[in-house]
$ cat work06.txt   # compact mmCIF, C-alpha atoms
# COMPACT_ATOMS: atom_id res chain seq x y z
CA MET A 3 0.00 0.00 0.00
CA LYS A 4 1.37 3.44 -0.93
CA ARG A 5 2.22 5.74 1.96
CA ARG A 6 -0.25 8.35 0.67
CA ASP A 7 -3.12 5.86 0.57
CA PHE A 8 -2.20 4.59 4.01
CA PHE A 9 -2.30 8.14 5.33
CA LYS A 10 -5.71 8.73 3.69
CA THR A 11 -7.11 5.64 5.42
CA LEU A 12 -5.75 6.92 8.71
CA THR A 13 -7.22 10.40 8.27
CA SER A 14 -10.72 9.01 7.63
CA ALA A 15 -10.28 6.77 10.68
CA VAL A 16 -9.45 9.85 12.77
CA ALA A 17 -12.67 11.52 11.59
CA VAL A 18 -14.69 8.60 12.93
CA GLY A 19 -13.42 8.56 16.46
CA ALA A 20 -10.49 9.25 18.75
CA ALA A 21 -10.03 5.63 19.77
CA LEU A 22 -9.81 4.31 16.23
CA PRO A 23 -6.53 5.75 14.89
CA VAL A 24 -4.41 3.68 17.24
CA MET A 25 -6.39 0.56 16.41
CA SER A 26 -6.16 1.29 12.67
CA PHE A 27 -2.41 1.63 13.00
CA ALA A 28 -2.22 -1.71 14.70
CA ALA A 29 -4.53 -3.36 12.18
CA GLU A 30 -2.65 -1.91 9.22
CA THR A 31 0.81 -2.70 10.51
CA LYS A 32 -0.12 -6.33 11.03
CA LYS A 33 -0.49 -6.60 7.24
CA HIS A 34 3.05 -5.36 6.62
CA ALA A 35 5.88 -7.82 7.04
CA GLY A 36 8.57 -5.15 7.08
CA PRO A 37 9.22 -1.92 8.94
CA ASN A 38 6.48 0.60 9.60
CA ALA A 39 7.61 3.84 8.00
CA PHE A 40 5.80 6.76 9.62
CA SER A 41 7.11 10.30 9.77
CA TYR A 42 6.73 12.48 12.85
CA GLU A 43 4.23 14.73 11.04
CA GLN A 44 2.10 11.75 9.97
CA ALA A 45 2.11 10.30 13.47
CA LEU A 46 1.23 13.66 15.09
CA GLU A 47 -1.60 14.26 12.62
CA ALA A 48 -3.02 10.78 13.17
CA ILE A 49 -3.18 11.30 16.93
CA THR A 50 -4.17 14.98 17.24
CA GLY A 51 -6.42 15.10 14.17
CA GLY A 52 -4.59 18.28 13.21
CA LYS A 53 -5.03 19.98 16.61
CA GLU A 54 -1.96 22.00 17.60
CA PRO A 55 -0.15 20.60 20.65
CA LYS A 56 1.11 23.21 23.15
CA LYS A 57 4.60 23.33 24.55
CA SER A 58 4.09 23.08 28.32
CA SER A 59 6.25 23.09 31.42
CA ARG A 60 3.75 20.60 32.90
CA ALA A 61 5.30 17.92 30.69
CA HIS A 62 8.73 16.91 31.95
CA LEU A 63 10.72 14.96 29.41
CA LYS A 64 14.01 13.46 30.52
CA VAL A 65 16.46 12.02 27.97
CA PRO A 66 20.27 12.02 27.99
CA GLU A 67 21.97 14.85 26.09
CA ILE A 68 24.45 12.34 24.73
CA ALA A 69 23.62 8.65 24.33
CA GLU A 70 26.69 6.45 24.17
CA ASN A 71 24.64 3.51 23.03
CA GLY A 72 21.83 4.30 20.62
CA ALA A 73 20.32 0.86 21.22
CA VAL A 74 19.34 1.68 24.80
CA VAL A 75 18.35 5.29 25.37
CA PRO A 76 16.35 5.90 28.57
CA VAL A 77 13.29 8.13 28.24
CA THR A 78 11.14 9.36 31.11
CA ILE A 79 8.10 11.56 30.83
CA GLU A 80 6.21 12.89 33.82
CA VAL A 81 3.19 15.19 33.59
CA ASP A 82 1.81 17.37 36.38
CA SER A 83 -1.78 16.19 36.71
CA PRO A 84 -4.22 15.43 39.56
CA MET A 85 -5.20 12.20 37.72
CA THR A 86 -8.81 12.47 38.85
CA ALA A 87 -11.80 11.36 36.77
CA ASP A 88 -12.35 14.98 35.70
CA ASP A 89 -8.74 15.88 35.00
CA TYR A 90 -6.21 13.26 34.00
CA VAL A 91 -3.62 12.39 31.38
CA LYS A 92 -5.28 10.12 28.82
CA ALA A 93 -2.18 9.15 26.91
CA ILE A 94 1.54 9.68 26.58
CA HIS A 95 3.12 9.10 23.17
CA ILE A 96 6.87 8.94 22.65
CA PHE A 97 8.45 9.60 19.25
CA ALA A 98 11.97 9.21 17.87
CA THR A 99 11.53 11.92 15.24
CA LYS A 100 14.13 10.65 12.75
CA ASN A 101 13.74 6.88 13.12
CA ASN A 102 12.27 4.89 10.23
CA ASN A 103 9.21 4.35 12.39
CA VAL A 104 9.04 7.39 14.64
CA ARG A 105 6.46 5.80 16.93
CA CYS A 106 7.98 4.23 20.02
CA ILE A 107 5.16 3.81 22.49
CA ASP A 108 1.57 4.97 23.05
CA ALA A 109 0.63 4.55 26.71
CA HIS A 110 -3.06 4.97 27.50
CA LEU A 111 -3.46 5.91 31.14
CA THR A 112 -6.42 6.08 33.51
CA PRO A 113 -7.01 7.91 36.81
CA ALA A 114 -6.13 4.58 38.47
CA ASN A 115 -2.48 5.21 37.55
CA GLY A 116 -2.48 7.90 40.26
CA LYS A 117 0.51 9.59 38.65
CA ALA A 118 1.11 10.44 35.00
CA MET A 119 4.49 8.95 34.28
CA LEU A 120 6.04 6.67 31.70
CA ALA A 121 9.62 5.45 31.44
CA THR A 122 11.21 3.06 29.01
CA ARG A 123 14.27 2.66 26.80
CA ILE A 124 14.26 3.21 23.05
CA LYS A 125 16.51 2.68 20.04
CA LEU A 126 17.71 5.75 18.19
CA GLY A 127 19.17 5.34 14.70
CA GLY A 128 21.18 8.55 15.04
CA THR A 129 21.21 12.01 16.57
CA GLN A 130 17.65 13.35 16.67
CA GLU A 131 14.92 14.91 18.74
CA VAL A 132 12.89 12.70 21.05
CA ALA A 133 9.38 14.06 21.46
CA ALA A 134 6.61 13.33 23.93
CA LEU A 135 3.00 14.10 23.09
CA VAL A 136 0.56 14.23 25.98
CA GLU A 137 -3.21 13.86 25.59
CA LEU A 138 -5.29 15.36 28.37
CA SER A 139 -8.82 14.32 29.30
CA ASN A 140 -10.09 17.76 28.28
CA GLY A 141 -8.95 17.20 24.70
CA GLU A 142 -5.82 19.34 24.94
CA PHE A 143 -2.45 18.17 23.65
CA LEU A 144 0.89 19.07 25.22
CA VAL A 145 4.29 18.48 23.69
CA ALA A 146 7.86 18.37 24.95
CA ALA A 147 10.94 17.59 22.88
CA GLN A 148 14.67 17.30 23.40
CA SER A 149 17.58 16.51 21.17
CA VAL A 150 19.74 13.46 21.87
CA LYS A 151 23.21 13.16 20.40
CA VAL A 152 23.88 9.54 19.42
CA THR A 153 27.47 8.42 18.96
CA ILE A 154 26.68 4.80 17.94
CA GLY A 155 23.35 4.28 16.19
CA GLY A 156 21.09 1.69 17.75
CA CYS A 157 19.05 0.28 14.92
CA GLY A 158 21.48 -2.33 13.63
CA MET B 13 -1.08 -18.68 26.22
CA GLY B 14 2.64 -19.05 25.65
CA LYS B 15 5.44 -18.54 28.11
CA MET B 16 7.88 -15.65 27.95
CA GLN B 17 10.34 -14.54 30.62
CA SER B 18 9.03 -11.44 32.28
CA LEU B 19 8.99 -9.77 35.68
CA ILE B 20 6.70 -7.40 37.55
CA LYS B 21 8.33 -5.31 40.28
CA ILE B 22 6.42 -3.07 42.67
CA LYS B 23 8.22 -0.27 44.51
CA PRO B 24 8.12 0.13 47.45
CA LYS B 25 7.75 -3.52 48.51
CA LYS B 26 5.55 -2.59 51.47
CA PHE B 27 2.69 -0.21 50.78
CA LYS B 28 -0.65 0.83 52.22
CA ASP B 29 -4.06 0.70 50.63
CA GLY B 30 -4.55 3.84 48.52
CA GLU B 31 -0.84 4.41 48.07
CA ILE B 32 0.56 5.17 44.60
CA VAL B 33 3.31 2.70 43.79
CA LYS B 34 5.79 2.32 40.96
CA VAL B 35 5.21 -0.61 38.62
CA ASN B 36 8.16 -1.96 36.63
CA PHE B 37 7.47 -4.50 33.93
CA MET B 38 10.43 -6.22 32.22
CA VAL B 39 10.39 -8.72 29.37
CA MET B 40 13.12 -10.73 27.67
CA HIS B 41 12.41 -10.00 24.01
CA PRO B 42 14.64 -9.26 20.96
CA MET B 43 12.43 -6.39 19.72
CA GLU B 44 13.65 -6.89 16.13
CA THR B 45 12.83 -3.94 13.88
CA GLY B 46 12.77 -5.93 10.67
CA MET B 47 15.52 -3.68 9.30
CA ARG B 48 18.56 -5.47 10.72
CA LYS B 49 20.69 -7.73 8.53
CA ASP B 50 21.97 -10.96 10.04
CA LYS B 51 25.76 -10.68 9.77
CA LYS B 52 26.17 -14.41 9.11
CA THR B 53 23.47 -14.98 6.50
CA GLY B 54 23.23 -11.47 5.06
CA LYS B 55 19.45 -11.78 5.27
CA ILE B 56 17.10 -9.33 6.95
CA VAL B 57 15.99 -10.54 10.35
CA PRO B 58 12.17 -10.39 10.30
CA ALA B 59 10.41 -7.92 12.57
CA HIS B 60 9.60 -9.46 15.92
CA TYR B 61 8.54 -7.13 18.68
CA ILE B 62 6.06 -6.73 21.51
CA ASN B 63 3.21 -4.63 20.19
CA ASN B 64 0.79 -4.36 23.10
CA ILE B 65 0.87 -4.50 26.90
CA LYS B 66 -2.21 -4.31 29.09
CA PHE B 67 -2.14 -3.87 32.86
CA GLU B 68 -5.29 -4.99 34.67
CA TYR B 69 -6.04 -4.90 38.37
CA ASN B 70 -9.03 -6.75 39.75
CA GLY B 71 -10.65 -6.76 36.33
CA LYS B 72 -10.05 -3.07 35.65
CA VAL B 73 -7.67 -1.83 32.94
CA ILE B 74 -5.11 0.51 34.52
CA THR B 75 -2.76 1.07 31.58
CA ASN B 76 -2.83 -0.04 27.96
CA MET B 77 0.28 0.45 25.84
CA THR B 78 0.79 0.14 22.10
CA VAL B 79 4.46 -0.68 21.68
CA TRP B 80 6.53 -0.30 18.50
CA GLU B 81 9.79 -1.78 17.27
CA SER B 82 11.81 1.31 18.22
CA VAL B 83 11.67 0.22 21.85
CA SER B 84 14.94 -1.38 23.01
CA ALA B 85 15.50 -5.13 23.26
CA ASN B 86 14.62 -6.71 26.62
CA PRO B 87 12.39 -3.75 27.33
CA VAL B 88 11.48 -2.22 30.65
CA PHE B 89 8.32 -0.20 31.17
CA THR B 90 7.69 1.95 34.25
CA THR B 91 4.36 3.42 35.23
CA TYR B 92 2.54 4.16 38.47
CA MET B 93 -0.55 2.56 39.99
CA LYS B 94 -2.86 3.56 42.83
CA ILE B 95 -3.46 0.57 45.10
CA ASN B 96 -7.16 -0.11 45.59
CA GLY B 97 -7.57 -3.06 47.94
CA LYS B 98 -5.78 -6.37 47.64
CA GLY B 99 -5.85 -8.38 44.45
CA LYS B 100 -3.98 -9.50 41.39
CA LEU B 101 -2.14 -7.37 38.87
CA ILE B 102 -2.34 -9.12 35.50
CA VAL B 103 -0.12 -8.03 32.63
CA THR B 104 -1.14 -9.37 29.23
CA PHE B 105 1.18 -8.74 26.32
CA THR B 106 1.26 -9.67 22.65
CA ASP B 107 3.82 -9.53 19.86
CA ASN B 108 3.55 -8.92 16.12
CA LYS B 109 3.83 -12.65 15.40
CA GLY B 110 0.54 -13.28 17.16
CA GLY B 111 2.08 -14.52 20.41
CA SER B 112 0.09 -13.80 23.56
CA TYR B 113 1.53 -13.94 27.06
CA GLU B 114 0.52 -13.22 30.64
CA LYS B 115 2.30 -12.41 33.87
CA SER B 116 0.61 -11.78 37.17
CA LYS B 117 1.51 -10.62 40.66
CA LYS B 118 -0.48 -10.77 43.88
CA ILE B 119 -0.87 -7.39 45.54
CA LYS B 120 -1.32 -7.18 49.33
CA PRO B 121 -1.41 -3.70 50.85
CA LYS B 122 -0.60 -3.51 54.55
CA GLY B 123 -2.64 -0.95 56.48

$ encode --input "work06.txt" --output "structure tokens"
Amino acid sequence: MKRRDFFKTLTSAVAVGAALPVMSFAAETKKHAGPNAFSYEQALEAITGGKEPKKSSRAHLKVPEIAENGAVVPVTIEVDSPMTADDYVKAIHIFATKNNNVRCIDAHLTPANGKAMLATRIKLGGTQEVAALVELSNGEFLVAAQSVKVTIGGCG
Amino acid sequence: MGKMQSLIKIKPKKFKDGEIVKVNFMVMHPMETGMRKDKKTGKIVPAHYINNIKFEYNGKVITNMTVWESVSANPVFTTYMKINGKGKLIVTFTDNKGGSYEKSKKIKPKG
């Protein structure tokens, strides 16, 4: 399937409902045997539906300035939020903006998490910005990004 | 359901009911991107990665993660969880090859 057609399918899925884009991604990628090539812009658009995410000091993204080993780069994202039923972080998405597949992880949280935090380790193919997109229960999107210098690329 | 080496760690080890604890989930998995060439055969190693992890506590979904191949091999995932009574934390995870696995941990708050 051509990238353009794939993106069209995704955009129509976004129009139908917020929950669907992630499921469509999963359904589509199961068909492909090889790598999933999504750009940062495509991934952002699919999740926000075109809504502009705001840079916010509420979103704390922690990544190393220099990663000696691109295969294991620690990423932590913490968001200031009461995590109550009326006001909580719905999702945290992490992107490696220059990787072949920029999507790293989409964590869907609930008030039962108590604290909005996600930490993991990702592979970076080279020096690039790592971005975190935060979805709030009120429909707002926050974004935080930081550049990581990679001396040895981690994608093999 | 298949077997895959994984571990659930709760921090702190002793906690009260209603406390917010750290949940570490670790899995032994190659997380192959499908872009790496095997140095011996010269062939592309097929993509093989964990693509979904669901954390459930007493039948309620706490966290649901879609995971992609950019996550490191033998991945670790850290989140938080508010303890609500005693019970069982069940982590169900799948990979892109259709494998489905489960790991659980009994949770007993004290006080």

$ residues_around --input "work06.txt" --residues "segment 133-143 of chain A" --least-positions-apart "4" --cutoff "6 Å" --atoms "all atoms listed in the file" --output "PyMOL selection string"
chain A and resi 55+89-97+147

$ residues_around --input "work06.txt" --residues "Val65 of chain A" --least-positions-apart "3" --cutoff "12 Å" --atoms "only C-alpha atoms" --output "ChimeraX atom specification"
/A:62,68-69,72,74-80,96,98,121-124,126,130-134,146-152

$ closest_residue --input "work06.txt" --among "A:Lys117, A:Lys64, A:Lys56, A:Lys100" --to "chain B" --atoms "only C-alpha atoms"
A:Lys117

$ interface_residues --input "work06.txt" --of "chain B" --to "chain A" --cutoff "6 Å" --atoms "only C-alpha atoms" --output "VMD selection string"
chain B and resid 32 46 48 74 to 80 82 to 84 88 to 94

$ atom_distance --input "work06.txt" --atom1 "atom CA of Thr50 of chain A" --atom2 "atom CA of Thr86 of chain A"
22.2 Å

$ atom_distance --input "work06.txt" --atom1 "atom CA of Ile119 of chain B" --atom2 "atom CA of Ala87 of chain A"
23.4 Å

$ closest_residue --input "work06.txt" --among "B:Lys122, B:Lys28, B:His41, B:Lys115" --to "Ile95 of chain B" --atoms "all atoms listed in the file"
B:Lys28

$ decode --input "work06.txt" --residues "segment 74-144 of chain A" --atoms "C-alpha atoms" --output "compact mmCIF listing (two decimals), in the first residue's frame"
# COMPACT_ATOMS: atom_id res chain seq x y z
CA VAL A 74 19.34 1.68 24.80
CA VAL A 75 18.35 5.29 25.37
CA PRO A 76 16.35 5.90 28.57
CA VAL A 77 13.29 8.13 28.24
CA THR A 78 11.14 9.36 31.11
CA ILE A 79 8.10 11.56 30.83
CA GLU A 80 6.21 12.89 33.82
CA VAL A 81 3.19 15.19 33.59
CA ASP A 82 1.81 17.37 36.38
CA SER A 83 -1.78 16.19 36.71
CA PRO A 84 -4.22 15.43 39.56
CA MET A 85 -5.20 12.20 37.72
CA THR A 86 -8.81 12.47 38.85
CA ALA A 87 -11.80 11.36 36.77
CA ASP A 88 -12.35 14.98 35.70
CA ASP A 89 -8.74 15.88 35.00
CA TYR A 90 -6.21 13.26 34.00
CA VAL A 91 -3.62 12.39 31.38
CA LYS A 92 -5.28 10.12 28.82
CA ALA A 93 -2.18 9.15 26.91
CA ILE A 94 1.54 9.68 26.58
CA HIS A 95 3.12 9.10 23.17
CA ILE A 96 6.87 8.94 22.65
CA PHE A 97 8.45 9.60 19.25
CA ALA A 98 11.97 9.21 17.87
CA THR A 99 11.53 11.92 15.24
CA LYS A 100 14.13 10.65 12.75
CA ASN A 101 13.74 6.88 13.12
CA ASN A 102 12.27 4.89 10.23
CA ASN A 103 9.21 4.35 12.39
CA VAL A 104 9.04 7.39 14.64
CA ARG A 105 6.46 5.80 16.93
CA CYS A 106 7.98 4.23 20.02
CA ILE A 107 5.16 3.81 22.49
CA ASP A 108 1.57 4.97 23.05
CA ALA A 109 0.63 4.55 26.71
CA HIS A 110 -3.06 4.97 27.50
CA LEU A 111 -3.46 5.91 31.14
CA THR A 112 -6.42 6.08 33.51
CA PRO A 113 -7.01 7.91 36.81
CA ALA A 114 -6.13 4.58 38.47
CA ASN A 115 -2.48 5.21 37.55
CA GLY A 116 -2.48 7.90 40.26
CA LYS A 117 0.51 9.59 38.65
CA ALA A 118 1.11 10.44 35.00
CA MET A 119 4.49 8.95 34.28
CA LEU A 120 6.04 6.67 31.70
CA ALA A 121 9.62 5.45 31.44
CA THR A 122 11.21 3.06 29.01
CA ARG A 123 14.27 2.66 26.80
CA ILE A 124 14.26 3.21 23.05
CA LYS A 125 16.51 2.68 20.04
CA LEU A 126 17.71 5.75 18.19
CA GLY A 127 19.17 5.34 14.70
CA GLY A 128 21.18 8.55 15.04
CA THR A 129 21.21 12.01 16.57
CA GLN A 130 17.65 13.35 16.67
CA GLU A 131 14.92 14.91 18.74
CA VAL A 132 12.89 12.70 21.05
CA ALA A 133 9.38 14.06 21.46
CA ALA A 134 6.61 13.33 23.93
CA LEU A 135 3.00 14.10 23.09
CA VAL A 136 0.56 14.23 25.98
CA GLU A 137 -3.21 13.86 25.59
CA LEU A 138 -5.29 15.36 28.37
CA SER A 139 -8.82 14.32 29.30
CA ASN A 140 -10.09 17.76 28.28
CA GLY A 141 -8.95 17.20 24.70
CA GLU A 142 -5.82 19.34 24.94
CA PHE A 143 -2.45 18.17 23.65
CA LEU A 144 0.89 19.07 25.22
